[in-house]
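**Q** Okay, handing you the structure first.
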Amino acid sequence: MAVAHVVLSVMLIAIFAVLGVAKVLRQPALVSRTERLGFSVRGIQGIGVLEIAGAAGLAAGFFWPPLGIAAAIGLVALLIGAAISHTRAGDGIKDVAPPVWLALVAAATAVTAIV
């Protein structure tokens, strides 16, 4: 397993575990930001569950690489949706860039697992 893959996976696991738990527990700052995009509180919690599942899948990928690759690809899809939601809401680059950047990191994580 490449060092780059481990570093990228650990970084994404930390980010999405924290963000996912905050959304599931309805942390006010995240809820207000996401509600502005048109999501209900239930929808926000669903996104949080998907983020936690992505983090768990990346962690499991250390033991079964196909699961880690699938989790990374799932996070790419989730993040593309986030970027589209921000764009549709009329947000600027400061709000669209983070999900795009994280989608690129997730894609790199999937690729480094294969190589």
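Labeling convention for the structure tokens: chains A, B, ... as they appear, residues from 1 per chain, ligands from 1 in order of appearance.
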Mind checking which residues fall within 7 Å of segment 30-45 of chain A, counting only C-alpha atoms, ignoring those fewer than 4 positions away in the same chain, and posting them as a PyMOL selection string?
**A** chain A and resi 23-24+26+49+85-86+89
**Q** Next, the residues of the selection above should be written as a PDB file, in the first residue's frame with all heavy atoms.
**A**
```
ATOM      1  N   LYS A  23     -23.278  16.628  11.268  1.00  0.00           N
ATOM      2  CA  LYS A  23     -24.557  16.722  10.557  1.00  0.00           C
ATOM      3  C   LYS A  23     -25.608  15.803  11.181  1.00  0.00           C
ATOM      4  O   LYS A  23     -26.762  16.192  11.334  1.00  0.00           O
ATOM      5  CB  LYS A  23     -24.366  16.405   9.074  1.00  0.00           C
ATOM      6  CG  LYS A  23     -23.674  17.525   8.333  1.00  0.00           C
ATOM      7  CD  LYS A  23     -23.448  17.190   6.885  1.00  0.00           C
ATOM      8  CE  LYS A  23     -22.720  18.349   6.223  1.00  0.00           C
ATOM      9  NZ  LYS A  23     -21.688  17.928   5.323  1.00  0.00           N
ATOM     10  N   VAL A  24     -25.222  14.603  11.534  1.00  0.00           N
ATOM     11  CA  VAL A  24     -26.172  13.672  12.148  1.00  0.00           C
ATOM     12  C   VAL A  24     -26.675  14.225  13.480  1.00  0.00           C
ATOM     13  O   VAL A  24     -27.856  14.107  13.803  1.00  0.00           O
ATOM     14  CB  VAL A  24     -25.531  12.276  12.334  1.00  0.00           C
ATOM     15  CG1 VAL A  24     -26.369  11.395  13.229  1.00  0.00           C
ATOM     16  CG2 VAL A  24     -25.319  11.601  10.979  1.00  0.00           C
ATOM     17  N   ARG A  26     -26.961  17.283  14.160  1.00  0.00           N
ATOM     18  CA  ARG A  26     -27.593  18.565  13.853  1.00  0.00           C
ATOM     19  C   ARG A  26     -26.865  19.757  14.473  1.00  0.00           C
ATOM     20  O   ARG A  26     -27.468  20.631  15.092  1.00  0.00           O
ATOM     21  CB  ARG A  26     -29.052  18.566  14.270  1.00  0.00           C
ATOM     22  CG  ARG A  26     -29.866  17.529  13.556  1.00  0.00           C
ATOM     23  CD  ARG A  26     -31.305  17.588  13.938  1.00  0.00           C
ATOM     24  NE  ARG A  26     -31.465  17.454  15.388  1.00  0.00           N
ATOM     25  CZ  ARG A  26     -32.387  16.726  15.966  1.00  0.00           C
ATOM     26  NH1 ARG A  26     -33.263  16.102  15.250  1.00  0.00           N
ATOM     27  NH2 ARG A  26     -32.467  16.653  17.265  1.00  0.00           N
ATOM     28  N   VAL A  49     -24.932  10.741   7.369  1.00  0.00           N
ATOM     29  CA  VAL A  49     -24.802   9.276   7.394  1.00  0.00           C
ATOM     30  C   VAL A  49     -23.943   8.810   6.218  1.00  0.00           C
ATOM     31  O   VAL A  49     -23.074   7.930   6.371  1.00  0.00           O
ATOM     32  CB  VAL A  49     -26.193   8.600   7.371  1.00  0.00           C
ATOM     33  CG1 VAL A  49     -26.082   7.111   7.107  1.00  0.00           C
ATOM     34  CG2 VAL A  49     -26.919   8.859   8.677  1.00  0.00           C
ATOM     35  N   SER A  85     -24.885  21.788  -5.716  1.00  0.00           N
ATOM     36  CA  SER A  85     -25.840  22.466  -4.831  1.00  0.00           C
ATOM     37  C   SER A  85     -25.391  23.889  -4.514  1.00  0.00           C
ATOM     38  O   SER A  85     -26.198  24.823  -4.521  1.00  0.00           O
ATOM     39  CB  SER A  85     -26.015  21.680  -3.530  1.00  0.00           C
ATOM     40  OG  SER A  85     -26.641  20.450  -3.787  1.00  0.00           O
ATOM     41  N   HIS A  86     -24.119  24.063  -4.238  1.00  0.00           N
ATOM     42  CA  HIS A  86     -23.595  25.397  -3.947  1.00  0.00           C
ATOM     43  C   HIS A  86     -23.687  26.303  -5.170  1.00  0.00           C
ATOM     44  O   HIS A  86     -24.039  27.484  -5.060  1.00  0.00           O
ATOM     45  CB  HIS A  86     -22.147  25.322  -3.452  1.00  0.00           C
ATOM     46  CG  HIS A  86     -22.035  24.924  -2.022  1.00  0.00           C
ATOM     47  ND1 HIS A  86     -22.356  25.774  -0.987  1.00  0.00           N
ATOM     48  CD2 HIS A  86     -21.639  23.768  -1.449  1.00  0.00           C
ATOM     49  CE1 HIS A  86     -22.159  25.153   0.166  1.00  0.00           C
ATOM     50  NE2 HIS A  86     -21.722  23.928  -0.080  1.00  0.00           N
ATOM     51  N   ALA A  89     -27.217  27.434  -5.734  1.00  0.00           N
ATOM     52  CA  ALA A  89     -27.633  28.407  -4.724  1.00  0.00           C
ATOM     53  C   ALA A  89     -27.000  29.778  -4.965  1.00  0.00           C
ATOM     54  O   ALA A  89     -27.280  30.720  -4.228  1.00  0.00           O
ATOM     55  CB  ALA A  89     -27.263  27.905  -3.329  1.00  0.00           C
TER      56      ALA A  89
END
```
**Q** Could you pull out the helix (DSSP H, G or I) residues of chain A from DSSP and send them as a PyMOL selection string?
**A** chain A and resi 3-24+28-35+41-60+65-88+93-114
**Q** Leaving out Val115 of chain A and any residue of its chain fewer than 4 positions from it, which residues lie within 10 Å of it when counting only C-alpha atoms, given as a compact mmCIF listing (two decimals) with all heavy atoms, in the first residue's frame?
**A**
```
# COMPACT_ATOMS: atom_id res chain seq x y z
N MET A 1 0.85 -1.17 0.00
CA MET A 1 0.00 0.00 0.00
C MET A 1 0.90 1.24 0.00
O MET A 1 1.80 1.37 0.82
CB MET A 1 -0.90 -0.03 1.23
CG MET A 1 -1.90 1.07 1.25
SD MET A 1 -3.16 0.91 2.53
CE MET A 1 -3.89 -0.66 2.13
N ALA A 2 0.62 2.15 -0.91
CA ALA A 2 1.43 3.35 -1.06
C ALA A 2 1.21 4.32 0.10
O ALA A 2 0.10 4.42 0.63
CB ALA A 2 1.10 4.04 -2.38
N HIS A 5 -1.50 6.84 -0.53
CA HIS A 5 -2.86 6.33 -0.32
C HIS A 5 -3.24 6.37 1.16
O HIS A 5 -4.34 6.79 1.51
CB HIS A 5 -2.98 4.90 -0.86
CG HIS A 5 -4.31 4.28 -0.56
ND1 HIS A 5 -5.48 4.70 -1.17
CD2 HIS A 5 -4.67 3.33 0.33
CE1 HIS A 5 -6.48 4.01 -0.67
NE2 HIS A 5 -6.03 3.17 0.23
N ALA A 110 -8.73 7.01 -4.53
CA ALA A 110 -9.15 5.81 -5.27
C ALA A 110 -8.05 5.36 -6.22
O ALA A 110 -7.73 4.16 -6.31
CB ALA A 110 -10.45 6.08 -6.03
N VAL A 111 -7.45 6.32 -6.91
CA VAL A 111 -6.40 5.98 -7.88
C VAL A 111 -5.18 5.40 -7.20
O VAL A 111 -4.61 4.41 -7.67
CB VAL A 111 -6.04 7.23 -8.73
CG1 VAL A 111 -4.79 6.97 -9.56
CG2 VAL A 111 -7.21 7.62 -9.62
```
**Q** So which one's closest to Val100 of chain A, A:Ala71, A:Ala55, A:Ala17, A:Ile80? Using only C-alpha atoms, please.
**A**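 Residue with the minimum atom-to-atom distance to Val100 of chain A: A:Ile80.
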**Q** Rank A:Ile52, A:Leu8, A:Phe63, A:Val18 by their smallest atom-to-atom distance to Ala103 of chain A, using only C-alpha atoms, and report the top residue only.
**A**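 Closest to Ala103 of chain A, using only C-alpha atoms: A:Leu8.
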**Q** Do a neighbour search on Ala77 of chain A at 12 Å with only C-alpha atoms, toss out local chain neighbours closer than 3 positions, and write the hits as a PDB file with all heavy atoms, in the first residue's frame.
**A**
```pdb
ATOM      1  N   ILE A  47     -27.176  13.105   4.611  1.00  0.00           N
ATOM      2  CA  ILE A  47     -25.857  13.413   4.054  1.00  0.00           C
ATOM      3  C   ILE A  47     -24.784  13.047   5.074  1.00  0.00           C
ATOM      4  O   ILE A  47     -23.752  12.471   4.731  1.00  0.00           O
ATOM      5  CB  ILE A  47     -25.774  14.897   3.652  1.00  0.00           C
ATOM      6  CG1 ILE A  47     -26.697  15.177   2.463  1.00  0.00           C
ATOM      7  CG2 ILE A  47     -24.331  15.286   3.309  1.00  0.00           C
ATOM      8  CD1 ILE A  47     -26.910  16.652   2.180  1.00  0.00           C
ATOM      9  N   LEU A  50     -24.150   9.398   5.044  1.00  0.00           N
ATOM     10  CA  LEU A  50     -23.339   9.028   3.881  1.00  0.00           C
ATOM     11  C   LEU A  50     -21.866   9.388   4.095  1.00  0.00           C
ATOM     12  O   LEU A  50     -20.970   8.631   3.696  1.00  0.00           O
ATOM     13  CB  LEU A  50     -23.865   9.716   2.619  1.00  0.00           C
ATOM     14  CG  LEU A  50     -25.229   9.248   2.136  1.00  0.00           C
ATOM     15  CD1 LEU A  50     -25.698  10.120   0.967  1.00  0.00           C
ATOM     16  CD2 LEU A  50     -25.194   7.782   1.735  1.00  0.00           C
ATOM     17  N   GLU A  51     -21.617  10.525   4.726  1.00  0.00           N
ATOM     18  CA  GLU A  51     -20.227  10.920   5.008  1.00  0.00           C
ATOM     19  C   GLU A  51     -19.575   9.955   6.003  1.00  0.00           C
ATOM     20  O   GLU A  51     -18.415   9.554   5.814  1.00  0.00           O
ATOM     21  CB  GLU A  51     -20.193  12.354   5.539  1.00  0.00           C
ATOM     22  CG  GLU A  51     -20.529  13.372   4.479  1.00  0.00           C
ATOM     23  CD  GLU A  51     -20.645  14.789   4.995  1.00  0.00           C
ATOM     24  OE1 GLU A  51     -20.791  15.001   6.228  1.00  0.00           O
ATOM     25  OE2 GLU A  51     -20.594  15.707   4.159  1.00  0.00           O
ATOM     26  N   GLY A  54     -18.837   6.795   4.198  1.00  0.00           N
ATOM     27  CA  GLY A  54     -17.647   6.964   3.356  1.00  0.00           C
ATOM     28  C   GLY A  54     -16.372   6.852   4.173  1.00  0.00           C
ATOM     29  O   GLY A  54     -15.414   6.181   3.768  1.00  0.00           O
ATOM     30  N   ALA A  70     -14.402   1.838  -3.526  1.00  0.00           N
ATOM     31  CA  ALA A  70     -15.824   2.161  -3.681  1.00  0.00           C
ATOM     32  C   ALA A  70     -16.211   3.338  -2.790  1.00  0.00           C
ATOM     33  O   ALA A  70     -16.971   4.223  -3.212  1.00  0.00           O
ATOM     34  CB  ALA A  70     -16.679   0.941  -3.360  1.00  0.00           C
ATOM     35  N   ALA A  71     -15.704   3.374  -1.573  1.00  0.00           N
ATOM     36  CA  ALA A  71     -16.010   4.473  -0.652  1.00  0.00           C
ATOM     37  C   ALA A  71     -15.468   5.791  -1.195  1.00  0.00           C
ATOM     38  O   ALA A  71     -16.155   6.820  -1.143  1.00  0.00           O
ATOM     39  CB  ALA A  71     -15.434   4.186   0.728  1.00  0.00           C
ATOM     40  N   ALA A  72     -14.260   5.763  -1.721  1.00  0.00           N
ATOM     41  CA  ALA A  72     -13.670   6.979  -2.283  1.00  0.00           C
ATOM     42  C   ALA A  72     -14.490   7.476  -3.470  1.00  0.00           C
ATOM     43  O   ALA A  72     -14.755   8.680  -3.601  1.00  0.00           O
ATOM     44  CB  ALA A  72     -12.219   6.722  -2.697  1.00  0.00           C
ATOM     45  N   ILE A  73     -14.923   6.563  -4.316  1.00  0.00           N
ATOM     46  CA  ILE A  73     -15.747   6.940  -5.470  1.00  0.00           C
ATOM     47  C   ILE A  73     -17.102   7.487  -5.001  1.00  0.00           C
ATOM     48  O   ILE A  73     -17.620   8.458  -5.552  1.00  0.00           O
ATOM     49  CB  ILE A  73     -15.900   5.752  -6.435  1.00  0.00           C
ATOM     50  CG1 ILE A  73     -14.547   5.427  -7.075  1.00  0.00           C
ATOM     51  CG2 ILE A  73     -16.957   6.036  -7.497  1.00  0.00           C
ATOM     52  CD1 ILE A  73     -14.504   4.109  -7.823  1.00  0.00           C
ATOM     53  N   GLY A  74     -17.667   6.874  -3.971  1.00  0.00           N
ATOM     54  CA  GLY A  74     -18.921   7.376  -3.412  1.00  0.00           C
ATOM     55  C   GLY A  74     -18.775   8.787  -2.866  1.00  0.00           C
ATOM     56  O   GLY A  74     -19.654   9.639  -3.051  1.00  0.00           O
ATOM     57  N   ILE A  80     -19.432  16.008  -5.637  1.00  0.00           N
ATOM     58  CA  ILE A  80     -19.888  16.642  -6.873  1.00  0.00           C
ATOM     59  C   ILE A  80     -21.292  17.203  -6.654  1.00  0.00           C
ATOM     60  O   ILE A  80     -21.602  18.323  -7.059  1.00  0.00           O
ATOM     61  CB  ILE A  80     -19.845  15.652  -8.056  1.00  0.00           C
ATOM     62  CG1 ILE A  80     -18.389  15.381  -8.443  1.00  0.00           C
ATOM     63  CG2 ILE A  80     -20.620  16.193  -9.252  1.00  0.00           C
ATOM     64  CD1 ILE A  80     -18.216  14.255  -9.445  1.00  0.00           C
ATOM     65  N   GLY A  81     -22.128  16.432  -5.969  1.00  0.00           N
ATOM     66  CA  GLY A  81     -23.467  16.919  -5.633  1.00  0.00           C
ATOM     67  C   GLY A  81     -23.411  18.164  -4.763  1.00  0.00           C
ATOM     68  O   GLY A  81     -24.196  19.100  -4.951  1.00  0.00           O
ATOM     69  N   ALA A  82     -22.473  18.198  -3.828  1.00  0.00           N
ATOM     70  CA  ALA A  82     -22.327  19.376  -2.962  1.00  0.00           C
ATOM     71  C   ALA A  82     -21.912  20.594  -3.783  1.00  0.00           C
ATOM     72  O   ALA A  82     -22.458  21.691  -3.598  1.00  0.00           O
ATOM     73  CB  ALA A  82     -21.295  19.099  -1.872  1.00  0.00           C
ATOM     74  N   ALA A  83     -20.974  20.406  -4.694  1.00  0.00           N
ATOM     75  CA  ALA A  83     -20.525  21.523  -5.538  1.00  0.00           C
ATOM     76  C   ALA A  83     -21.671  22.033  -6.412  1.00  0.00           C
ATOM     77  O   ALA A  83     -21.855  23.246  -6.567  1.00  0.00           O
ATOM     78  CB  ALA A  83     -19.341  21.093  -6.396  1.00  0.00           C
ATOM     79  N   ILE A  84     -22.447  21.114  -6.949  1.00  0.00           N
ATOM     80  CA  ILE A  84     -23.600  21.510  -7.776  1.00  0.00           C
ATOM     81  C   ILE A  84     -24.623  22.265  -6.928  1.00  0.00           C
ATOM     82  O   ILE A  84     -25.159  23.290  -7.357  1.00  0.00           O
ATOM     83  CB  ILE A  84     -24.232  20.274  -8.445  1.00  0.00           C
ATOM     84  CG1 ILE A  84     -23.289  19.730  -9.521  1.00  0.00           C
ATOM     85  CG2 ILE A  84     -25.599  20.610  -9.042  1.00  0.00           C
ATOM     86  CD1 ILE A  84     -23.677  18.368 -10.062  1.00  0.00           C
ATOM     87  N   PRO A  99     -15.739  21.547  -1.770  1.00  0.00           N
ATOM     88  CA  PRO A  99     -16.161  20.221  -2.215  1.00  0.00           C
ATOM     89  C   PRO A  99     -15.439  19.763  -3.495  1.00  0.00           C
ATOM     90  O   PRO A  99     -15.182  18.572  -3.656  1.00  0.00           O
ATOM     91  CB  PRO A  99     -17.675  20.351  -2.437  1.00  0.00           C
ATOM     92  CG  PRO A  99     -17.977  21.794  -2.444  1.00  0.00           C
ATOM     93  CD  PRO A  99     -16.874  22.477  -1.706  1.00  0.00           C
ATOM     94  N   VAL A 100     -15.092  20.713  -4.359  1.00  0.00           N
ATOM     95  CA  VAL A 100     -14.346  20.335  -5.572  1.00  0.00           C
ATOM     96  C   VAL A 100     -12.975  19.822  -5.183  1.00  0.00           C
ATOM     97  O   VAL A 100     -12.523  18.775  -5.671  1.00  0.00           O
ATOM     98  CB  VAL A 100     -14.253  21.525  -6.559  1.00  0.00           C
ATOM     99  CG1 VAL A 100     -13.285  21.223  -7.691  1.00  0.00           C
ATOM    100  CG2 VAL A 100     -15.634  21.885  -7.092  1.00  0.00           C
ATOM    101  N   LEU A 102     -12.009  18.563  -2.283  1.00  0.00           N
ATOM    102  CA  LEU A 102     -12.129  17.274  -1.604  1.00  0.00           C
ATOM    103  C   LEU A 102     -12.488  16.148  -2.577  1.00  0.00           C
ATOM    104  O   LEU A 102     -12.049  15.009  -2.400  1.00  0.00           O
ATOM    105  CB  LEU A 102     -13.162  17.352  -0.474  1.00  0.00           C
ATOM    106  CG  LEU A 102     -12.693  18.071   0.787  1.00  0.00           C
ATOM    107  CD1 LEU A 102     -13.867  18.302   1.730  1.00  0.00           C
ATOM    108  CD2 LEU A 102     -11.594  17.289   1.477  1.00  0.00           C
ATOM    109  N   ALA A 103     -13.276  16.452  -3.621  1.00  0.00           N
ATOM    110  CA  ALA A 103     -13.585  15.441  -4.637  1.00  0.00           C
ATOM    111  C   ALA A 103     -12.311  15.015  -5.361  1.00  0.00           C
ATOM    112  O   ALA A 103     -12.121  13.822  -5.641  1.00  0.00           O
ATOM    113  CB  ALA A 103     -14.608  15.984  -5.642  1.00  0.00           C
ATOM    114  N   LEU A 104     -11.431  15.966  -5.637  1.00  0.00           N
ATOM    115  CA  LEU A 104     -10.152  15.624  -6.281  1.00  0.00           C
ATOM    116  C   LEU A 104      -9.286  14.765  -5.357  1.00  0.00           C
ATOM    117  O   LEU A 104      -8.644  13.817  -5.812  1.00  0.00           O
ATOM    118  CB  LEU A 104      -9.419  16.898  -6.697  1.00  0.00           C
ATOM    119  CG  LEU A 104     -10.066  17.710  -7.805  1.00  0.00           C
ATOM    120  CD1 LEU A 104      -9.349  19.042  -7.997  1.00  0.00           C
ATOM    121  CD2 LEU A 104     -10.089  16.912  -9.109  1.00  0.00           C
ATOM    122  N   ALA A 106     -10.442  12.766  -2.990  1.00  0.00           N
ATOM    123  CA  ALA A 106     -11.079  11.443  -2.937  1.00  0.00           C
ATOM    124  C   ALA A 106     -10.770  10.646  -4.200  1.00  0.00           C
ATOM    125  O   ALA A 106     -10.519   9.439  -4.137  1.00  0.00           O
ATOM    126  CB  ALA A 106     -12.586  11.585  -2.740  1.00  0.00           C
ATOM    127  N   ALA A 107     -10.786  11.308  -5.355  1.00  0.00           N
ATOM    128  CA  ALA A 107     -10.449  10.625  -6.601  1.00  0.00           C
ATOM    129  C   ALA A 107      -9.003  10.149  -6.571  1.00  0.00           C
ATOM    130  O   ALA A 107      -8.692   9.021  -6.989  1.00  0.00           O
ATOM    131  CB  ALA A 107     -10.686  11.549  -7.797  1.00  0.00           C
TER     132      ALA A 107
END
```
**Q** Would you compute the distance between atom CA of Met11 of chain A and atom CA of Asp91 of chain A? Give it in Å to one decimal.
**A** 25.7 Å
**Q** Grab the atom CA of Gly57 of chain A to atom CA of Ala113 of chain A distance for me, in Å with one decimal place.
**A**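 Computing it gives 13.0 Å between the two atoms.
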**Q** Give me, as a list in words, all polymer residues having an atom no more than 8 Å from Ala4 of chain A, counting only C-alpha atoms and skipping those fewer than 3 positions away in the same chain.
**A**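 In the requested form, the answer reads Val7, Leu8, Thr109 and Thr112 of chain A.
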**Q** Just to confirm, what's the straight-line distance from atom CA of Val6 of chain A to atom CA of Lys94 of chain A in Å (one decimal)?
**A**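 If I compute the distance from atom CA of Val6 of chain A to atom CA of Lys94 of chain A, I get 27.8 Å.
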**Q** Which is closer to Gly68 of chain A than all the others in A:Val3, A:Val21, A:Ala56, A:Ile93, using only C-alpha atoms?
**A**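 Answer, going by the shortest atom-to-atom distance: A:Ala56.
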